[in-house]
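Participant: Quick one, coords_33.csv (CSV, C-alpha atoms):
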```
chain,number,residue,atom,x,y,z
A,1,MET,CA,43.0,35.8,-9.4
A,2,LYS,CA,41.8,36.2,-5.8
A,3,THR,CA,38.6,37.8,-7.1
A,4,ILE,CA,38.0,34.8,-9.4
A,5,MET,CA,38.6,32.3,-6.6
A,6,ALA,CA,36.4,34.3,-4.2
A,7,ALA,CA,33.6,34.5,-6.8
A,8,LEU,CA,33.9,30.7,-7.5
A,9,ALA,CA,33.8,29.9,-3.7
A,10,LEU,CA,30.7,32.2,-3.3
A,11,SER,CA,28.9,30.7,-6.3
A,12,THR,CA,29.6,27.1,-5.0
A,13,THR,CA,28.4,28.0,-1.6
A,14,LEU,CA,25.2,29.5,-3.0
A,15,ALA,CA,24.6,26.6,-5.4
A,16,LEU,CA,25.0,24.0,-2.7
A,17,GLY,CA,23.2,26.0,0.0
A,18,GLY,CA,19.8,24.7,-1.0
A,19,CYS,CA,20.8,21.0,-0.8
A,20,VAL,CA,19.4,19.2,2.1
A,21,VAL,CA,19.8,15.5,2.8
A,22,ILE,CA,17.7,13.8,5.4
A,23,ALA,CA,19.3,10.5,6.4
A,24,SER,CA,17.1,9.7,9.4
A,25,ASP,CA,13.6,8.4,9.7
A,26,GLU,CA,13.5,9.1,13.4
A,27,GLY,CA,10.2,10.7,14.5
A,28,LEU,CA,8.4,10.0,11.2
A,29,ASP,CA,5.1,8.2,11.3
A,30,PHE,CA,5.0,5.3,8.9
A,31,ASP,CA,1.3,4.5,9.4
A,32,HIS,CA,0.0,3.5,6.0
A,33,ASP,CA,-3.7,3.4,6.5
A,34,ILE,CA,-5.5,2.7,3.3
A,35,ASP,CA,-7.3,5.7,1.8
A,36,PHE,CA,-11.0,4.9,1.7
A,37,ASP,CA,-13.1,5.5,-1.3
A,38,ASP,CA,-16.8,4.7,-0.5
A,39,ASP,CA,-15.6,2.6,2.4
A,40,ILE,CA,-13.4,0.3,0.2
A,41,GLY,CA,-9.6,0.7,0.5
A,42,THR,CA,-7.1,1.3,-2.3
A,43,VAL,CA,-4.7,-1.6,-3.0
A,44,PHE,CA,-1.6,-1.9,-5.1
A,45,GLY,CA,-2.5,-5.1,-6.8
A,46,ALA,CA,-5.2,-7.8,-6.8
A,47,ASP,CA,-5.4,-11.2,-8.4
A,48,ILE,CA,-7.7,-14.3,-8.4
A,49,VAL,CA,-6.0,-17.6,-9.2
A,50,ALA,CA,-7.3,-21.1,-8.3
A,51,ASN,CA,-10.1,-19.9,-6.2
A,52,VAL,CA,-7.9,-17.7,-4.1
A,53,VAL,CA,-8.3,-13.9,-3.9
A,54,THR,CA,-5.0,-12.0,-3.3
A,55,PHE,CA,-4.4,-8.3,-2.6
A,56,ARG,CA,-1.0,-6.5,-2.5
A,57,VAL,CA,-1.2,-3.8,0.3
A,58,THR,CA,1.2,-1.5,2.1
A,59,SER,CA,3.0,-2.8,5.2
A,60,ASN,CA,5.3,-1.7,7.8
A,61,GLY,CA,6.3,-5.3,8.6
A,62,CYS,CA,3.4,-6.7,10.6
A,63,THR,CA,0.5,-6.5,8.2
A,64,ASP,CA,-1.3,-9.8,7.5
A,65,GLU,CA,-4.9,-11.0,6.8
A,66,THR,CA,-5.9,-10.1,10.4
A,67,TYR,CA,-5.4,-6.4,9.7
A,68,PHE,CA,-8.3,-6.3,7.3
A,69,ASP,CA,-12.1,-6.5,7.2
A,70,ILE,CA,-13.5,-8.3,4.2
A,71,ASP,CA,-16.7,-7.4,2.4
A,72,VAL,CA,-18.2,-10.2,0.3
A,73,ASP,CA,-21.4,-9.4,-1.6
A,74,ARG,CA,-23.4,-11.9,-3.6
A,75,ARG,CA,-24.5,-10.0,-6.8
A,76,SER,CA,-26.4,-12.9,-8.4
A,77,ASN,CA,-26.4,-16.7,-8.5
A,78,ASP,CA,-22.6,-17.4,-9.0
A,79,LYS,CA,-21.4,-13.7,-9.1
A,80,TYR,CA,-19.7,-12.1,-6.1
A,81,SER,CA,-17.8,-9.0,-5.3
A,82,VAL,CA,-15.0,-8.9,-2.7
A,83,GLY,CA,-13.3,-5.9,-1.1
A,84,ILE,CA,-11.0,-5.3,1.8
A,85,MET,CA,-10.6,-2.5,4.2
A,86,ARG,CA,-7.8,-2.0,6.7
A,87,ALA,CA,-9.2,-2.5,10.2
A,88,LYS,CA,-6.1,-1.6,12.2
A,89,PRO,CA,-2.9,0.3,11.4
A,90,ASP,CA,0.4,-1.4,11.0
A,91,ARG,CA,2.5,0.3,13.7
A,92,CYS,CA,5.7,-1.7,13.0
A,93,ARG,CA,8.8,0.1,11.7
A,94,ALA,CA,10.1,-2.0,8.8
A,95,LEU,CA,10.1,-0.4,5.4
A,96,VAL,CA,8.5,-2.9,3.1
A,97,SER,CA,8.7,-1.0,-0.2
A,98,ASP,CA,6.7,-3.6,-2.2
A,99,GLY,CA,4.1,-4.1,0.5
A,100,VAL,CA,2.8,-7.6,1.2
A,101,GLU,CA,0.3,-10.0,-0.2
A,102,VAL,CA,-2.8,-11.0,1.8
A,103,SER,CA,-4.9,-13.9,0.5
A,104,TRP,CA,-8.2,-15.6,1.2
A,105,SER,CA,-9.6,-18.8,-0.4
A,106,TYR,CA,-13.1,-18.8,-1.8
A,107,ASP,CA,-13.9,-21.3,1.0
A,108,ASP,CA,-12.6,-18.7,3.6
A,109,LEU,CA,-15.0,-16.2,2.1
A,110,GLY,CA,-18.0,-18.5,1.7
A,111,ILE,CA,-17.8,-18.3,-2.1
A,112,PRO,CA,-18.5,-21.5,-4.1
A,113,ALA,CA,-15.6,-22.8,-6.2
A,114,GLY,CA,-15.7,-21.6,-9.8
A,115,ALA,CA,-17.8,-18.5,-9.0
A,116,ASP,CA,-17.3,-15.3,-10.9
A,117,VAL,CA,-15.6,-12.8,-8.5
A,118,ARG,CA,-15.1,-9.1,-9.0
A,119,ILE,CA,-12.6,-7.0,-6.9
A,120,GLU,CA,-14.2,-3.9,-5.5
A,121,ASN,CA,-11.0,-2.1,-4.4
A,122,GLN,CA,-9.4,0.5,-6.5
A,123,VAL,CA,-6.0,-0.6,-7.7
A,124,ARG,CA,-3.4,2.0,-8.1
A,125,ARG,CA,0.4,2.2,-8.7
A,126,ARG,CA,2.7,3.2,-5.9
```
Please express what this file holds, its structure, as structure tokens.

Facilitator:
Amino acid sequence: MKTIMAALALSTTLALGGCVVIASDEGLDFDHDIDFDDDIGTVFGADIVANVVTFRVTSNGCTDETYFDIDVDRRSNDKYSVGIMRAKPDRCRALVSDGVEVSWSYDDLGIPAGADVRIENQVRRR
């Protein structure tokens, strides 16, 4: 019986010996700079509704429109392309799992109302 108990204790110790739980984020860097593909950043969502261009991006709690450079190109008469690139890192420490939305109106971007606008950023799932 002692042998069985000892074997059970040893097997439990060996089975659980590989389990590691990290419960602290201390010392980790949460800088979520956008990965650049041909100088245009990757975003997690993009939409154009009522002449407003909206992107969903990573955030550590401080990200807003001022954290991005915007590239607007006129492709033809009423056709434009819009892309954003992170200009500065978000050094805050909040964990915003769904990111945040940043938006610009067509007027903000110098695009006439009703124009055909194409998003240049790659959209990927988190």

Participant: How far is it from CA of Val123 (chain A) to CA of Thr58 (chain A), in Å with one decimal?

Facilitator: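 If I compute the distance from CA of Val123 (chain A) to CA of Thr58 (chain A), I get 12.2 Å.
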
Participant: Go through A:Val96, A:Leu109, A:Val117, A:Cys62 and flag the residue nearest Arg75 (chain A), using only C-alpha atoms for the distances.

Facilitator: A:Val117

Participant: Just give me the gap between CA of Asn60 (chain A) and CA of Asp107 (chain A) in Å, one decimal is fine.

Facilitator: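 We find that CA of Asn60 (chain A) and CA of Asp107 (chain A) lie 28.3 Å from each other.
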
Participant: Val102 (chain A): which residues within 9 Å, counting all atoms listed in the file, same-chain residues fewer than 3 positions away excluded, as a list in words?

Facilitator: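 Contacts, with the query itself left out: Val53, Thr54, Phe55, Arg56, Val57, Thr63, Asp64 and Glu65 of chain A.
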
Participant: Could you tell me which of A:Gly114, A:Ile70, A:Val100, A:Gly45 comes closest to Ala87 (chain A) if we count only C-alpha atoms?

Facilitator: A:Ile70

Participant: Could you please determine the separation between CA of Ser105 (chain A) and CA of Arg125 (chain A) in Å, to one decimal place?

Facilitator: 24.7 Å

Participant: Around all listed atoms of region 83-96 of chain A, padded 8 Å per side, what centre and edge lengths does the axis-aligned box have in Å to one decimal, as JSON?

Facilitator:
```
{"center_x": -1.6, "center_y": -2.8, "center_z": 6.3, "size_x": 39.4, "size_y": 22.2, "size_z": 30.8}
```

Participant: Which residue is closest to Gly41 (chain A)? Choose from A:Ala113, A:Ile84, A:Thr66, A:Asp108 and count all atoms listed in the file.

Facilitator: A:Ile84

Participant: Calculated over all atoms listed in the file, which of the candidates A:Gly61, A:Ile111, A:Glu101, A:Ile48 has the smallest distance to Asn77 (chain A)?

Facilitator: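 Counting all atoms listed in the file, the residue closest to Asn77 (chain A) is A:Ile111.
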
Participant: Fix up region 103-118 of chain A with N, CA and C atoms, then write it as a PDB file, keeping the file's coordinate frame.

Facilitator:
```
ATOM      1  N   SER A 103      -4.104 -12.983   1.362  1.00  0.00           N
ATOM      2  CA  SER A 103      -4.900 -13.900   0.500  1.00  0.00           C
ATOM      3  C   SER A 103      -5.999 -14.565   1.339  1.00  0.00           C
ATOM      4  N   TRP A 104      -7.112 -14.837   0.669  1.00  0.00           N
ATOM      5  CA  TRP A 104      -8.200 -15.600   1.200  1.00  0.00           C
ATOM      6  C   TRP A 104      -8.715 -16.567   0.164  1.00  0.00           C
ATOM      7  N   SER A 105      -8.980 -17.799   0.546  1.00  0.00           N
ATOM      8  CA  SER A 105      -9.600 -18.800  -0.400  1.00  0.00           C
ATOM      9  C   SER A 105     -11.055 -18.473  -0.533  1.00  0.00           C
ATOM     10  N   TYR A 106     -11.632 -18.959  -1.623  1.00  0.00           N
ATOM     11  CA  TYR A 106     -13.100 -18.800  -1.800  1.00  0.00           C
ATOM     12  C   TYR A 106     -13.783 -19.474  -0.595  1.00  0.00           C
ATOM     13  N   ASP A 107     -13.269 -20.599  -0.128  1.00  0.00           N
ATOM     14  CA  ASP A 107     -13.900 -21.300   1.000  1.00  0.00           C
ATOM     15  C   ASP A 107     -13.847 -20.391   2.253  1.00  0.00           C
ATOM     16  N   ASP A 108     -12.716 -19.690   2.495  1.00  0.00           N
ATOM     17  CA  ASP A 108     -12.600 -18.700   3.600  1.00  0.00           C
ATOM     18  C   ASP A 108     -13.701 -17.670   3.521  1.00  0.00           C
ATOM     19  N   LEU A 109     -14.024 -17.272   2.293  1.00  0.00           N
ATOM     20  CA  LEU A 109     -15.000 -16.200   2.100  1.00  0.00           C
ATOM     21  C   LEU A 109     -16.406 -16.625   1.879  1.00  0.00           C
ATOM     22  N   GLY A 110     -16.636 -17.937   1.896  1.00  0.00           N
ATOM     23  CA  GLY A 110     -18.000 -18.500   1.700  1.00  0.00           C
ATOM     24  C   GLY A 110     -18.466 -18.370   0.263  1.00  0.00           C
ATOM     25  N   ILE A 111     -17.520 -18.402  -0.670  1.00  0.00           N
ATOM     26  CA  ILE A 111     -17.800 -18.300  -2.100  1.00  0.00           C
ATOM     27  C   ILE A 111     -17.645 -19.706  -2.701  1.00  0.00           C
ATOM     28  N   PRO A 112     -18.618 -20.180  -3.494  1.00  0.00           N
ATOM     29  CA  PRO A 112     -18.500 -21.500  -4.100  1.00  0.00           C
ATOM     30  C   PRO A 112     -17.345 -21.523  -5.147  1.00  0.00           C
ATOM     31  N   ALA A 113     -16.649 -22.650  -5.245  1.00  0.00           N
ATOM     32  CA  ALA A 113     -15.600 -22.800  -6.200  1.00  0.00           C
ATOM     33  C   ALA A 113     -16.098 -22.541  -7.620  1.00  0.00           C
ATOM     34  N   GLY A 114     -15.297 -21.860  -8.410  1.00  0.00           N
ATOM     35  CA  GLY A 114     -15.700 -21.600  -9.800  1.00  0.00           C
ATOM     36  C   GLY A 114     -16.572 -20.370  -9.978  1.00  0.00           C
ATOM     37  N   ALA A 115     -16.956 -19.690  -8.896  1.00  0.00           N
ATOM     38  CA  ALA A 115     -17.800 -18.500  -9.000  1.00  0.00           C
ATOM     39  C   ALA A 115     -17.101 -17.380  -9.698  1.00  0.00           C
ATOM     40  N   ASP A 116     -17.866 -16.465 -10.278  1.00  0.00           N
ATOM     41  CA  ASP A 116     -17.300 -15.300 -10.900  1.00  0.00           C
ATOM     42  C   ASP A 116     -17.165 -14.219  -9.790  1.00  0.00           C
ATOM     43  N   VAL A 117     -15.924 -13.776  -9.544  1.00  0.00           N
ATOM     44  CA  VAL A 117     -15.600 -12.800  -8.500  1.00  0.00           C
ATOM     45  C   VAL A 117     -15.048 -11.557  -9.029  1.00  0.00           C
ATOM     46  N   ARG A 118     -15.559 -10.438  -8.566  1.00  0.00           N
ATOM     47  CA  ARG A 118     -15.100  -9.100  -9.000  1.00  0.00           C
ATOM     48  C   ARG A 118     -14.442  -8.428  -7.776  1.00  0.00           C
TER      49      ARG A 118
END
```
